[in-house]
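Chemist: File protein.cif below, mmCIF, N, CA and C atoms:
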```cif
data_query
loop_
_atom_site.label_atom_id
_atom_site.label_comp_id
_atom_site.auth_asym_id
_atom_site.auth_seq_id
_atom_site.Cartn_x
_atom_site.Cartn_y
_atom_site.Cartn_z
N LEU A 1 17.79 -7.58 18.72
CA LEU A 1 16.49 -7.68 19.34
C LEU A 1 16.46 -8.79 20.39
N LYS A 2 17.56 -9.01 21.06
CA LYS A 2 17.57 -10.03 22.11
C LYS A 2 16.51 -9.71 23.15
N LYS A 3 16.34 -8.43 23.45
CA LYS A 3 15.29 -8.01 24.38
C LYS A 3 14.28 -7.20 23.60
N LEU A 4 13.04 -7.56 23.71
CA LEU A 4 11.98 -6.84 23.03
C LEU A 4 11.47 -5.76 23.96
N LEU A 5 11.67 -4.53 23.57
CA LEU A 5 11.21 -3.41 24.38
C LEU A 5 9.79 -3.07 23.96
N SER A 6 8.91 -2.99 24.90
CA SER A 6 7.53 -2.67 24.56
C SER A 6 7.15 -1.34 25.19
N SER A 7 6.30 -0.63 24.52
CA SER A 7 5.80 0.64 25.03
C SER A 7 4.39 0.42 25.54
N PRO A 8 3.93 1.32 26.41
CA PRO A 8 2.55 1.19 26.90
C PRO A 8 1.58 1.24 25.72
N ALA A 9 0.37 0.79 25.97
CA ALA A 9 -0.65 0.74 24.91
C ALA A 9 -1.05 2.17 24.54
N ARG A 10 -0.24 2.80 23.74
CA ARG A 10 -0.53 4.13 23.24
C ARG A 10 -0.04 4.20 21.81
N SER A 11 -0.55 5.15 21.12
CA SER A 11 -0.17 5.27 19.72
C SER A 11 0.74 6.47 19.57
N PRO A 12 1.74 6.47 18.75
CA PRO A 12 2.17 5.32 17.96
C PRO A 12 3.10 4.41 18.75
N ARG A 13 3.08 3.16 18.38
CA ARG A 13 4.02 2.20 18.97
C ARG A 13 5.29 2.23 18.13
N LEU A 14 6.42 2.14 18.79
CA LEU A 14 7.71 2.24 18.12
C LEU A 14 8.55 1.02 18.44
N LEU A 15 9.30 0.54 17.47
CA LEU A 15 10.25 -0.55 17.69
C LEU A 15 11.55 -0.17 17.01
N PHE A 16 12.62 -0.14 17.78
CA PHE A 16 13.95 0.16 17.26
C PHE A 16 14.66 -1.17 17.07
N THR A 17 14.94 -1.50 15.81
CA THR A 17 15.43 -2.85 15.50
C THR A 17 16.94 -2.93 15.32
N GLY A 18 17.62 -1.82 15.38
CA GLY A 18 19.08 -1.83 15.28
C GLY A 18 19.57 -2.50 14.02
N ASP A 19 20.42 -3.52 14.18
CA ASP A 19 21.00 -4.24 13.04
C ASP A 19 20.29 -5.56 12.74
N THR A 20 19.13 -5.77 13.34
CA THR A 20 18.44 -7.05 13.16
C THR A 20 17.47 -7.03 12.00
N LEU A 21 16.61 -6.06 11.96
CA LEU A 21 15.54 -6.00 10.96
C LEU A 21 15.61 -4.67 10.25
N PHE A 22 15.65 -4.74 8.90
CA PHE A 22 15.72 -3.54 8.08
C PHE A 22 14.49 -3.48 7.18
N VAL A 23 14.30 -2.35 6.51
CA VAL A 23 13.23 -2.24 5.53
C VAL A 23 13.48 -3.30 4.46
N GLY A 24 12.56 -4.23 4.32
CA GLY A 24 12.65 -5.25 3.28
C GLY A 24 13.69 -6.33 3.49
N GLY A 25 14.29 -6.39 4.65
CA GLY A 25 15.33 -7.41 4.85
C GLY A 25 15.80 -7.48 6.29
N VAL A 26 16.93 -8.12 6.47
CA VAL A 26 17.52 -8.28 7.80
C VAL A 26 19.04 -8.10 7.69
N GLY A 27 19.67 -7.99 8.84
CA GLY A 27 21.12 -7.93 8.86
C GLY A 27 21.71 -9.33 8.76
N PHE A 28 23.00 -9.38 8.45
CA PHE A 28 23.68 -10.68 8.45
C PHE A 28 23.75 -11.19 9.88
N PHE A 29 23.74 -12.49 10.05
CA PHE A 29 23.74 -13.10 11.38
C PHE A 29 25.17 -13.25 11.87
N PHE A 30 25.73 -12.19 12.42
CA PHE A 30 27.09 -12.25 12.93
C PHE A 30 27.14 -12.84 14.33
N GLU A 31 26.15 -12.51 15.16
CA GLU A 31 26.17 -12.94 16.56
C GLU A 31 25.09 -13.96 16.90
N GLY A 32 24.07 -14.05 16.10
CA GLY A 32 22.99 -14.97 16.39
C GLY A 32 22.88 -16.04 15.32
N THR A 33 21.88 -16.88 15.48
CA THR A 33 21.65 -17.99 14.56
C THR A 33 20.28 -17.82 13.89
N SER A 34 20.04 -18.64 12.91
CA SER A 34 18.72 -18.65 12.27
C SER A 34 17.64 -18.97 13.30
N LYS A 35 17.95 -19.87 14.20
CA LYS A 35 16.99 -20.24 15.25
C LYS A 35 16.66 -19.03 16.13
N ASP A 36 17.67 -18.25 16.49
CA ASP A 36 17.45 -17.04 17.29
C ASP A 36 16.55 -16.07 16.52
N PHE A 37 16.86 -15.88 15.24
CA PHE A 37 16.10 -14.96 14.42
C PHE A 37 14.63 -15.37 14.32
N VAL A 38 14.40 -16.64 14.03
CA VAL A 38 13.02 -17.14 13.90
C VAL A 38 12.27 -16.94 15.21
N SER A 39 12.93 -17.20 16.32
CA SER A 39 12.31 -17.00 17.64
C SER A 39 11.89 -15.54 17.83
N ILE A 40 12.76 -14.62 17.46
CA ILE A 40 12.46 -13.20 17.59
C ILE A 40 11.26 -12.82 16.72
N ILE A 41 11.28 -13.24 15.45
CA ILE A 41 10.20 -12.88 14.54
C ILE A 41 8.88 -13.47 15.01
N ARG A 42 8.90 -14.68 15.50
CA ARG A 42 7.65 -15.29 16.01
C ARG A 42 7.10 -14.50 17.19
N ARG A 43 7.99 -13.94 18.01
CA ARG A 43 7.54 -13.12 19.14
C ARG A 43 6.96 -11.80 18.65
N LEU A 44 7.45 -11.31 17.52
CA LEU A 44 6.97 -10.04 16.98
C LEU A 44 5.69 -10.18 16.16
N LEU A 45 5.40 -11.36 15.63
CA LEU A 45 4.26 -11.53 14.71
C LEU A 45 2.95 -10.94 15.23
N PRO A 46 2.61 -11.08 16.52
CA PRO A 46 1.33 -10.52 16.98
C PRO A 46 1.33 -8.99 17.16
N MET A 47 2.46 -8.34 16.94
CA MET A 47 2.57 -6.91 17.14
C MET A 47 1.59 -6.17 16.23
N ASP A 48 1.09 -5.03 16.70
CA ASP A 48 0.18 -4.21 15.90
C ASP A 48 0.83 -3.83 14.57
N GLU A 49 0.08 -3.93 13.50
CA GLU A 49 0.63 -3.65 12.17
C GLU A 49 0.98 -2.18 11.98
N ASP A 50 0.43 -1.29 12.80
CA ASP A 50 0.77 0.13 12.66
C ASP A 50 2.01 0.52 13.47
N THR A 51 2.66 -0.44 14.12
CA THR A 51 3.89 -0.17 14.85
C THR A 51 4.95 0.36 13.89
N LEU A 52 5.58 1.45 14.26
CA LEU A 52 6.63 2.05 13.43
C LEU A 52 7.96 1.37 13.73
N LEU A 53 8.67 0.96 12.68
CA LEU A 53 9.97 0.30 12.83
C LEU A 53 11.08 1.26 12.41
N PHE A 54 12.05 1.39 13.29
CA PHE A 54 13.23 2.22 13.03
C PHE A 54 14.44 1.30 13.05
N CYS A 55 15.11 1.19 11.92
CA CYS A 55 16.28 0.31 11.84
C CYS A 55 17.56 1.14 11.92
N GLY A 56 18.66 0.45 12.16
CA GLY A 56 19.93 1.11 12.37
C GLY A 56 20.65 1.56 11.11
N HIS A 57 20.25 1.05 9.95
CA HIS A 57 20.89 1.39 8.69
C HIS A 57 19.84 1.45 7.59
N GLU A 58 20.17 2.15 6.52
CA GLU A 58 19.23 2.30 5.42
C GLU A 58 19.73 1.53 4.20
N TYR A 59 19.24 0.29 4.08
CA TYR A 59 19.59 -0.56 2.94
C TYR A 59 18.34 -0.92 2.14
N SER A 60 17.34 -0.05 2.17
CA SER A 60 16.02 -0.38 1.62
C SER A 60 16.05 -0.80 0.16
N LYS A 61 16.70 -0.01 -0.68
CA LYS A 61 16.68 -0.31 -2.11
C LYS A 61 17.36 -1.64 -2.40
N LYS A 62 18.50 -1.88 -1.78
CA LYS A 62 19.21 -3.14 -1.97
C LYS A 62 18.37 -4.32 -1.45
N ASN A 63 17.81 -4.17 -0.25
CA ASN A 63 17.00 -5.25 0.33
C ASN A 63 15.78 -5.56 -0.51
N LEU A 64 15.11 -4.52 -0.99
CA LEU A 64 13.91 -4.74 -1.80
C LEU A 64 14.26 -5.31 -3.17
N SER A 65 15.41 -4.93 -3.69
CA SER A 65 15.87 -5.52 -4.96
C SER A 65 16.12 -7.01 -4.77
N PHE A 66 16.71 -7.38 -3.62
CA PHE A 66 16.90 -8.80 -3.31
C PHE A 66 15.55 -9.49 -3.15
N ALA A 67 14.64 -8.87 -2.40
CA ALA A 67 13.31 -9.46 -2.17
C ALA A 67 12.61 -9.74 -3.50
N GLN A 68 12.85 -8.86 -4.48
CA GLN A 68 12.23 -9.03 -5.79
C GLN A 68 12.76 -10.28 -6.50
N THR A 69 14.01 -10.67 -6.21
CA THR A 69 14.53 -11.90 -6.82
C THR A 69 13.88 -13.13 -6.20
N ILE A 70 13.39 -13.00 -4.98
CA ILE A 70 12.73 -14.12 -4.29
C ILE A 70 11.26 -14.21 -4.71
N GLU A 71 10.61 -13.07 -4.82
CA GLU A 71 9.20 -13.01 -5.23
C GLU A 71 9.05 -11.99 -6.37
N PRO A 72 9.46 -12.36 -7.57
CA PRO A 72 9.48 -11.40 -8.68
C PRO A 72 8.11 -10.86 -9.09
N LEU A 73 7.04 -11.53 -8.73
CA LEU A 73 5.71 -11.07 -9.12
C LEU A 73 4.99 -10.31 -8.01
N SER A 74 5.66 -10.03 -6.91
CA SER A 74 5.03 -9.38 -5.77
C SER A 74 4.75 -7.90 -6.05
N ALA A 75 3.49 -7.55 -6.07
CA ALA A 75 3.10 -6.15 -6.24
C ALA A 75 3.51 -5.33 -5.02
N ASN A 76 3.51 -5.93 -3.84
CA ASN A 76 3.90 -5.20 -2.62
C ASN A 76 5.38 -4.80 -2.67
N ILE A 77 6.23 -5.70 -3.12
CA ILE A 77 7.65 -5.38 -3.23
C ILE A 77 7.85 -4.31 -4.29
N GLN A 78 7.22 -4.47 -5.45
CA GLN A 78 7.35 -3.50 -6.53
C GLN A 78 6.92 -2.11 -6.08
N LYS A 79 5.78 -2.04 -5.40
CA LYS A 79 5.25 -0.75 -4.93
C LYS A 79 6.22 -0.09 -3.96
N LYS A 80 6.73 -0.86 -3.00
CA LYS A 80 7.64 -0.30 -2.00
C LYS A 80 8.97 0.11 -2.64
N LEU A 81 9.46 -0.68 -3.58
CA LEU A 81 10.71 -0.35 -4.26
C LEU A 81 10.56 0.96 -5.04
N GLU A 82 9.44 1.15 -5.70
CA GLU A 82 9.18 2.41 -6.42
C GLU A 82 9.10 3.58 -5.43
N GLU A 83 8.43 3.36 -4.30
CA GLU A 83 8.31 4.40 -3.27
C GLU A 83 9.69 4.78 -2.72
N VAL A 84 10.50 3.78 -2.40
CA VAL A 84 11.84 4.02 -1.86
C VAL A 84 12.71 4.76 -2.89
N THR A 85 12.64 4.34 -4.13
CA THR A 85 13.43 4.98 -5.18
C THR A 85 13.06 6.45 -5.30
N LYS A 86 11.77 6.74 -5.30
CA LYS A 86 11.31 8.12 -5.41
C LYS A 86 11.72 8.93 -4.18
N LEU A 87 11.56 8.38 -2.99
CA LEU A 87 11.96 9.08 -1.77
C LEU A 87 13.45 9.41 -1.78
N ARG A 88 14.26 8.42 -2.15
CA ARG A 88 15.71 8.65 -2.16
C ARG A 88 16.12 9.65 -3.23
N GLU A 89 15.48 9.62 -4.40
CA GLU A 89 15.77 10.61 -5.45
C GLU A 89 15.49 12.02 -4.96
N ASN A 90 14.48 12.16 -4.10
CA ASN A 90 14.10 13.46 -3.56
C ASN A 90 14.76 13.76 -2.22
N LYS A 91 15.74 12.92 -1.86
CA LYS A 91 16.49 13.08 -0.61
C LYS A 91 15.58 13.13 0.61
N MET A 92 14.57 12.28 0.59
CA MET A 92 13.61 12.16 1.70
C MET A 92 13.90 10.88 2.47
N PRO A 93 13.55 10.84 3.75
CA PRO A 93 13.80 9.63 4.54
C PRO A 93 12.90 8.46 4.14
N VAL A 94 13.47 7.29 4.20
CA VAL A 94 12.74 6.05 3.89
C VAL A 94 12.23 5.42 5.19
N ILE A 95 12.93 5.67 6.26
CA ILE A 95 12.63 5.10 7.58
C ILE A 95 11.85 6.16 8.36
N PRO A 96 10.80 5.79 9.08
CA PRO A 96 10.43 4.43 9.47
C PRO A 96 9.54 3.74 8.45
N THR A 97 9.39 2.45 8.66
CA THR A 97 8.41 1.66 7.95
C THR A 97 7.43 1.17 9.00
N THR A 98 6.46 0.39 8.61
CA THR A 98 5.53 -0.17 9.61
C THR A 98 5.66 -1.69 9.62
N TRP A 99 5.27 -2.27 10.71
CA TRP A 99 5.27 -3.72 10.84
C TRP A 99 4.35 -4.32 9.78
N GLY A 100 3.21 -3.71 9.55
CA GLY A 100 2.28 -4.22 8.53
C GLY A 100 2.90 -4.25 7.15
N GLU A 101 3.67 -3.19 6.80
CA GLU A 101 4.34 -3.19 5.51
C GLU A 101 5.36 -4.33 5.43
N GLU A 102 6.16 -4.47 6.48
CA GLU A 102 7.18 -5.51 6.48
C GLU A 102 6.56 -6.90 6.34
N LEU A 103 5.42 -7.11 6.96
CA LEU A 103 4.73 -8.40 6.83
C LEU A 103 4.38 -8.68 5.37
N SER A 104 4.17 -7.63 4.58
CA SER A 104 3.71 -7.82 3.20
C SER A 104 4.84 -8.02 2.20
N TYR A 105 6.08 -7.62 2.52
CA TYR A 105 7.14 -7.74 1.50
C TYR A 105 8.49 -8.23 2.01
N ASN A 106 8.73 -8.28 3.30
CA ASN A 106 10.04 -8.70 3.79
C ASN A 106 10.16 -10.22 3.66
N PRO A 107 11.06 -10.73 2.81
CA PRO A 107 11.09 -12.18 2.56
C PRO A 107 11.43 -13.00 3.81
N TYR A 108 12.20 -12.46 4.71
CA TYR A 108 12.56 -13.20 5.92
C TYR A 108 11.34 -13.40 6.81
N ILE A 109 10.57 -12.37 6.98
CA ILE A 109 9.34 -12.48 7.78
C ILE A 109 8.36 -13.40 7.06
N ARG A 110 8.28 -13.28 5.75
CA ARG A 110 7.33 -14.08 4.98
C ARG A 110 7.69 -15.57 5.00
N VAL A 111 8.99 -15.88 5.07
CA VAL A 111 9.39 -17.29 5.21
C VAL A 111 8.98 -17.81 6.58
N VAL A 112 9.20 -17.03 7.62
CA VAL A 112 8.80 -17.45 8.97
C VAL A 112 7.30 -17.68 9.02
N LYS A 113 6.52 -16.82 8.37
CA LYS A 113 5.06 -16.96 8.35
C LYS A 113 4.59 -18.08 7.42
N GLY A 114 5.45 -18.59 6.54
CA GLY A 114 5.04 -19.62 5.59
C GLY A 114 4.34 -19.06 4.37
N ASP A 115 4.57 -17.78 4.07
CA ASP A 115 3.87 -17.11 2.98
C ASP A 115 4.53 -17.25 1.61
N ILE A 116 5.77 -17.71 1.56
CA ILE A 116 6.44 -17.84 0.26
C ILE A 116 6.39 -19.30 -0.16
N HIS A 117 5.57 -19.58 -1.15
CA HIS A 117 5.27 -20.96 -1.56
C HIS A 117 6.54 -21.77 -1.85
N SER A 118 7.50 -21.19 -2.56
CA SER A 118 8.69 -21.94 -2.96
C SER A 118 9.57 -22.34 -1.78
N PHE A 119 9.34 -21.77 -0.61
CA PHE A 119 10.13 -22.11 0.57
C PHE A 119 9.39 -23.06 1.52
N ARG A 120 8.15 -23.38 1.22
CA ARG A 120 7.35 -24.21 2.13
C ARG A 120 7.84 -25.64 2.23
N GLU A 121 8.57 -26.12 1.22
CA GLU A 121 9.06 -27.50 1.27
C GLU A 121 10.19 -27.66 2.29
N ASN A 122 10.78 -26.55 2.71
CA ASN A 122 11.85 -26.58 3.70
C ASN A 122 11.27 -26.29 5.09
N SER A 123 12.03 -26.65 6.12
CA SER A 123 11.66 -26.17 7.45
C SER A 123 11.91 -24.67 7.46
N VAL A 124 11.34 -23.97 8.43
CA VAL A 124 11.54 -22.53 8.51
C VAL A 124 13.03 -22.21 8.65
N LEU A 125 13.73 -22.96 9.49
CA LEU A 125 15.17 -22.71 9.67
C LEU A 125 15.94 -22.93 8.37
N GLU A 126 15.60 -23.99 7.65
CA GLU A 126 16.25 -24.24 6.35
C GLU A 126 15.92 -23.12 5.37
N GLY A 127 14.68 -22.62 5.43
CA GLY A 127 14.28 -21.53 4.55
C GLY A 127 15.07 -20.26 4.83
N ILE A 128 15.27 -19.94 6.11
CA ILE A 128 16.06 -18.76 6.47
C ILE A 128 17.51 -18.94 6.03
N ASP A 129 18.06 -20.13 6.25
CA ASP A 129 19.44 -20.39 5.82
C ASP A 129 19.57 -20.27 4.30
N LEU A 130 18.59 -20.78 3.57
CA LEU A 130 18.60 -20.67 2.11
C LEU A 130 18.52 -19.20 1.67
N LEU A 131 17.66 -18.43 2.34
CA LEU A 131 17.58 -17.00 2.03
C LEU A 131 18.93 -16.33 2.27
N ASN A 132 19.59 -16.68 3.38
CA ASN A 132 20.90 -16.09 3.67
C ASN A 132 21.92 -16.42 2.58
N GLU A 133 21.89 -17.65 2.09
CA GLU A 133 22.80 -18.03 1.00
C GLU A 133 22.50 -17.21 -0.25
N LYS A 134 21.23 -17.10 -0.59
CA LYS A 134 20.83 -16.34 -1.77
C LYS A 134 21.18 -14.86 -1.60
N LYS A 135 21.01 -14.35 -0.37
CA LYS A 135 21.33 -12.95 -0.10
C LYS A 135 22.83 -12.70 -0.27
N ALA A 136 23.67 -13.61 0.20
CA ALA A 136 25.12 -13.45 0.05
C ALA A 136 25.51 -13.42 -1.43
N GLU A 137 24.91 -14.31 -2.23
CA GLU A 137 25.18 -14.33 -3.68
C GLU A 137 24.72 -13.02 -4.31
N PHE A 138 23.52 -12.58 -3.92
CA PHE A 138 22.97 -11.33 -4.46
C PHE A 138 23.85 -10.15 -4.08
N ALA A 139 24.32 -10.11 -2.84
CA ALA A 139 25.17 -9.00 -2.37
C ALA A 139 26.44 -8.89 -3.20
N ASN A 140 27.03 -10.03 -3.53
CA ASN A 140 28.23 -10.01 -4.37
C ASN A 140 27.93 -9.48 -5.76
N GLU A 141 26.84 -9.94 -6.36
CA GLU A 141 26.44 -9.47 -7.69
C GLU A 141 26.07 -7.99 -7.67
N TYR A 142 25.37 -7.58 -6.63
CA TYR A 142 24.92 -6.19 -6.48
C TYR A 142 26.14 -5.27 -6.37
N ARG A 143 27.12 -5.68 -5.57
CA ARG A 143 28.34 -4.89 -5.36
C ARG A 143 29.09 -4.74 -6.70
N LEU A 144 29.20 -5.83 -7.45
CA LEU A 144 29.87 -5.76 -8.75
C LEU A 144 29.14 -4.83 -9.71
N ALA A 145 27.82 -4.90 -9.72
CA ALA A 145 27.03 -4.07 -10.61
C ALA A 145 27.15 -2.59 -10.24
N GLN A 146 27.24 -2.29 -8.95
CA GLN A 146 27.36 -0.91 -8.50
C GLN A 146 28.73 -0.32 -8.84
N ASN A 147 29.74 -1.17 -8.97
CA ASN A 147 31.10 -0.71 -9.25
C ASN A 147 31.37 -0.52 -10.74
N LYS A 148 30.42 -0.87 -11.59
CA LYS A 148 30.62 -0.72 -13.05
C LYS A 148 30.42 0.71 -13.47
#
```
Could you express the structure from this file as structure tokens?
Modeler:
Amino acid sequence: LKKLLSSPARSPRLLFTGDTLFVGGVGFFFEGTSKDFVSIIRRLLPMDEDTLLFCGHEYSKKNLSFAQTIEPLSANIQKKLEEVTKLRENKMPVIPTTWGEELSYNPYIRVVKGDIHSFRENSVLEGIDLLNEKKAEFANEYRLAQNK
């Protein structure tokens, strides 16, 4: 998302996020930094909540499972995880999502917004870096569990 493509003021608004922003999560930072990511999300925050997001890969269940470890009591995460599970069981598409949905359960966006209480003691950049560390640990555990 180095360049934010905008469409004219018509409905529906679409955003193609490639490998940057996924349903319930983000991609690993191979080419950018936490600072770059925070800058991008801050530019997106005022976007209409009904904007449809199309990501480059479908990692919804894994991302939402990780999000649940960050906010285990979140009804929004639980609801979306149940929806994704049901859609995938029925071989239905999970993508697109909406910006409004992502604002409610994506832990990376919620850290940038200051919505996750346990991350408020850190700077936003430290919070994103901490999330990335936790995500890497989770990914290893998730991979092991899937291989059993």
Chemist: Taking the DSSP secondary structure from the backbone, can you list the residues of chain A that are strand (DSSP E), as a list in words?
Modeler: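 Here are the strand (DSSP E) residues of chain A: Leu14, Leu15, Phe16, Thr17, Gly18, Leu21, Phe22, Gly25, Val26, Leu52, Leu53, Phe54, Cys55, Thr97 and Thr98 of chain A.
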Chemist: Leaving out Thr17 (chain A) and any residue of its chain fewer than 6 positions from it, which residues lie within 7 Å of it when counting all atoms listed in the file, given as a VMD selection string?
Modeler: chain A and resid 1 53 to 56
Chemist: Residues as selected, N, CA and C atoms, written as a tab-separated table (two decimals), keeping the file's coordinate frame, can you do that?
Modeler:
```tsv
chain	number	residue	atom	x	y	z
A	1	LEU	N	17.79	-7.58	18.72
A	1	LEU	CA	16.49	-7.68	19.34
A	1	LEU	C	16.46	-8.79	20.39
A	53	LEU	N	8.67	0.96	12.68
A	53	LEU	CA	9.97	0.30	12.83
A	53	LEU	C	11.08	1.26	12.41
A	54	PHE	N	12.05	1.39	13.29
A	54	PHE	CA	13.23	2.22	13.03
A	54	PHE	C	14.44	1.30	13.05
A	55	CYS	N	15.11	1.19	11.92
A	55	CYS	CA	16.28	0.31	11.84
A	55	CYS	C	17.56	1.14	11.92
A	56	GLY	N	18.66	0.45	12.16
A	56	GLY	CA	19.93	1.11	12.37
A	56	GLY	C	20.65	1.56	11.11
```
Chemist: Which residues would end up in the selection if the PyMOL selection byres (((chain A and resi 60 and name CA) around 9) and name CA) were applied here, given that I need the answer as a compact mmCIF listing (two decimals) with N, CA and C atoms, in the coordinates of the input?
Modeler:
```
# COMPACT_ATOMS: atom_id res chain seq x y z
N PHE A 22 15.65 -4.74 8.90
CA PHE A 22 15.72 -3.54 8.08
C PHE A 22 14.49 -3.48 7.18
N VAL A 23 14.30 -2.35 6.51
CA VAL A 23 13.23 -2.24 5.53
C VAL A 23 13.48 -3.30 4.46
N GLY A 24 12.56 -4.23 4.32
CA GLY A 24 12.65 -5.25 3.28
C GLY A 24 13.69 -6.33 3.49
N GLY A 25 14.29 -6.39 4.65
CA GLY A 25 15.33 -7.41 4.85
C GLY A 25 15.80 -7.48 6.29
N HIS A 57 20.25 1.05 9.95
CA HIS A 57 20.89 1.39 8.69
C HIS A 57 19.84 1.45 7.59
N GLU A 58 20.17 2.15 6.52
CA GLU A 58 19.23 2.30 5.42
C GLU A 58 19.73 1.53 4.20
N TYR A 59 19.24 0.29 4.08
CA TYR A 59 19.59 -0.56 2.94
C TYR A 59 18.34 -0.92 2.14
N LYS A 61 16.70 -0.01 -0.68
CA LYS A 61 16.68 -0.31 -2.11
C LYS A 61 17.36 -1.64 -2.40
N LYS A 62 18.50 -1.88 -1.78
CA LYS A 62 19.21 -3.14 -1.97
C LYS A 62 18.37 -4.32 -1.45
N ASN A 63 17.81 -4.17 -0.25
CA ASN A 63 17.00 -5.25 0.33
C ASN A 63 15.78 -5.56 -0.51
N LEU A 64 15.11 -4.52 -0.99
CA LEU A 64 13.91 -4.74 -1.80
C LEU A 64 14.26 -5.31 -3.17
N SER A 65 15.41 -4.93 -3.69
CA SER A 65 15.87 -5.52 -4.96
C SER A 65 16.12 -7.01 -4.77
N LEU A 81 9.46 -0.68 -3.58
CA LEU A 81 10.71 -0.35 -4.26
C LEU A 81 10.56 0.96 -5.04
N VAL A 84 10.50 3.78 -2.40
CA VAL A 84 11.84 4.02 -1.86
C VAL A 84 12.71 4.76 -2.89
N VAL A 94 13.47 7.29 4.20
CA VAL A 94 12.74 6.05 3.89
C VAL A 94 12.23 5.42 5.19
N ILE A 95 12.93 5.67 6.26
CA ILE A 95 12.63 5.10 7.58
C ILE A 95 11.85 6.16 8.36
```
Chemist: Which residues match the PyMOL selection byres (((chain A and resi 129-133 and name CA) around 10) and name CA) in the file above, as a VMD selection string?
Modeler: chain A and resid 26 to 29 33 to 35 66 to 67 70 107 to 108 111 119 122 to 128 134 to 139
Chemist: Return the single residue from A:Leu87, A:Ala145, A:Ile109, A:Leu52 that is closest to Thr20 (chain A), with distances computed using only C-alpha atoms.
Modeler: A:Ile109
Chemist: From the options A:Arg13, A:Arg143, A:Arg42, A:Lys91, which residue's atoms come nearest to Lys113 (chain A), counting all atoms listed in the file?
Modeler: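 Once distances to Lys113 (chain A) are computed over all atoms listed in the file, the minimum belongs to A:Arg42.
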Chemist: Just to confirm, what's the straight-line distance from atom C of Leu21 (chain A) to atom N of Pro93 (chain A) in Å (one decimal)?
Modeler: 16.9 Å
Chemist: DSSP on the backbone: which residues in region 57-137 of chain A end up as helix (DSSP H, G or I)? Give the answer as a PyMOL selection string.
Modeler: chain A and resi 60-70+75-89+99-105+107-113+117-119+124-137
Chemist: Just checking: using all atoms listed in the file, which residue out of A:Gln68, A:Phe37, A:Glu49, A:Glu141 ends up closest to Trp99 (chain A)?
Modeler: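 Going through A:Gln68, A:Phe37, A:Glu49, A:Glu141 one by one, the smallest distance to Trp99 (chain A) is for A:Glu49.
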Chemist: Can you tell me how far atom C of Ile41 (chain A) sits from CA of Leu73 (chain A), in Å to one decimal?
Modeler: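 Between atom C of Ile41 (chain A) and CA of Leu73 (chain A) the gap works out to 24.5 Å.
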Chemist: For CA of Ala75 (chain A) and CA of Tyr105 (chain A), determine how far apart the two atoms are, in Å to one decimal place.
Modeler: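 We find that CA of Ala75 (chain A) and CA of Tyr105 (chain A) lie 8.9 Å from each other.
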Chemist: Considering only C-alpha atoms, can you say which of A:Leu144, A:Met92, A:Val112, A:Ile77 comes closest to Arg43 (chain A)?
Modeler: A:Val112
Chemist: First collect every listed atom of region 112-131 of chain A; then fit an axis-aligned box around them, widen it by 6 Å on each side, and give centre and edge lengths in Å to one decimal, as lines of an AutoDock Vina configuration file.
Modeler:
```
center_x = 11.7
center_y = -22.0
center_z = 3.4
size_x = 27.7
size_y = 23.3
size_z = 24.6
```
Chemist: Extract region 67-78 of chain A from the preceding block and save N, CA and C atoms as a PDB file, in the first residue's frame.
Modeler:
```pdb
ATOM      1  N   ALA A  67      -5.743 -13.107  16.514  1.00  0.00           N
ATOM      2  CA  ALA A  67      -6.393 -11.928  17.116  1.00  0.00           C
ATOM      3  C   ALA A  67      -7.081 -12.308  18.428  1.00  0.00           C
ATOM      4  N   GLN A  68      -7.632 -13.522  18.466  1.00  0.00           N
ATOM      5  CA  GLN A  68      -8.316 -13.983  19.675  1.00  0.00           C
ATOM      6  C   GLN A  68      -7.337 -14.159  20.836  1.00  0.00           C
ATOM      7  N   THR A  69      -6.074 -14.467  20.543  1.00  0.00           N
ATOM      8  CA  THR A  69      -5.089 -14.573  21.630  1.00  0.00           C
ATOM      9  C   THR A  69      -4.742 -13.200  22.191  1.00  0.00           C
ATOM     10  N   ILE A  70      -4.919 -12.160  21.389  1.00  0.00           N
ATOM     11  CA  ILE A  70      -4.632 -10.786  21.825  1.00  0.00           C
ATOM     12  C   ILE A  70      -5.821 -10.210  22.587  1.00  0.00           C
ATOM     13  N   GLU A  71      -7.022 -10.474  22.103  1.00  0.00           N
ATOM     14  CA  GLU A  71      -8.252  -9.993  22.747  1.00  0.00           C
ATOM     15  C   GLU A  71      -9.222 -11.174  22.914  1.00  0.00           C
ATOM     16  N   PRO A  72      -8.956 -12.041  23.885  1.00  0.00           N
ATOM     17  CA  PRO A  72      -9.754 -13.266  24.024  1.00  0.00           C
ATOM     18  C   PRO A  72     -11.236 -13.041  24.339  1.00  0.00           C
ATOM     19  N   LEU A  73     -11.603 -11.882  24.828  1.00  0.00           N
ATOM     20  CA  LEU A  73     -13.002 -11.625  25.175  1.00  0.00           C
ATOM     21  C   LEU A  73     -13.748 -10.837  24.100  1.00  0.00           C
ATOM     22  N   SER A  74     -13.132 -10.612  22.957  1.00  0.00           N
ATOM     23  CA  SER A  74     -13.744  -9.799  21.915  1.00  0.00           C
ATOM     24  C   SER A  74     -14.882 -10.547  21.211  1.00  0.00           C
ATOM     25  N   ALA A  75     -16.069 -10.026  21.352  1.00  0.00           N
ATOM     26  CA  ALA A  75     -17.229 -10.604  20.658  1.00  0.00           C
ATOM     27  C   ALA A  75     -17.102 -10.408  19.149  1.00  0.00           C
ATOM     28  N   ASN A  76     -16.483  -9.313  18.717  1.00  0.00           N
ATOM     29  CA  ASN A  76     -16.318  -9.062  17.281  1.00  0.00           C
ATOM     30  C   ASN A  76     -15.414 -10.109  16.634  1.00  0.00           C
ATOM     31  N   ILE A  77     -14.327 -10.448  17.303  1.00  0.00           N
ATOM     32  CA  ILE A  77     -13.424 -11.467  16.775  1.00  0.00           C
ATOM     33  C   ILE A  77     -14.132 -12.816  16.755  1.00  0.00           C
ATOM     34  N   GLN A  78     -14.796 -13.169  17.847  1.00  0.00           N
ATOM     35  CA  GLN A  78     -15.503 -14.448  17.930  1.00  0.00           C
ATOM     36  C   GLN A  78     -16.547 -14.572  16.826  1.00  0.00           C
TER      37      GLN A  78
END
```
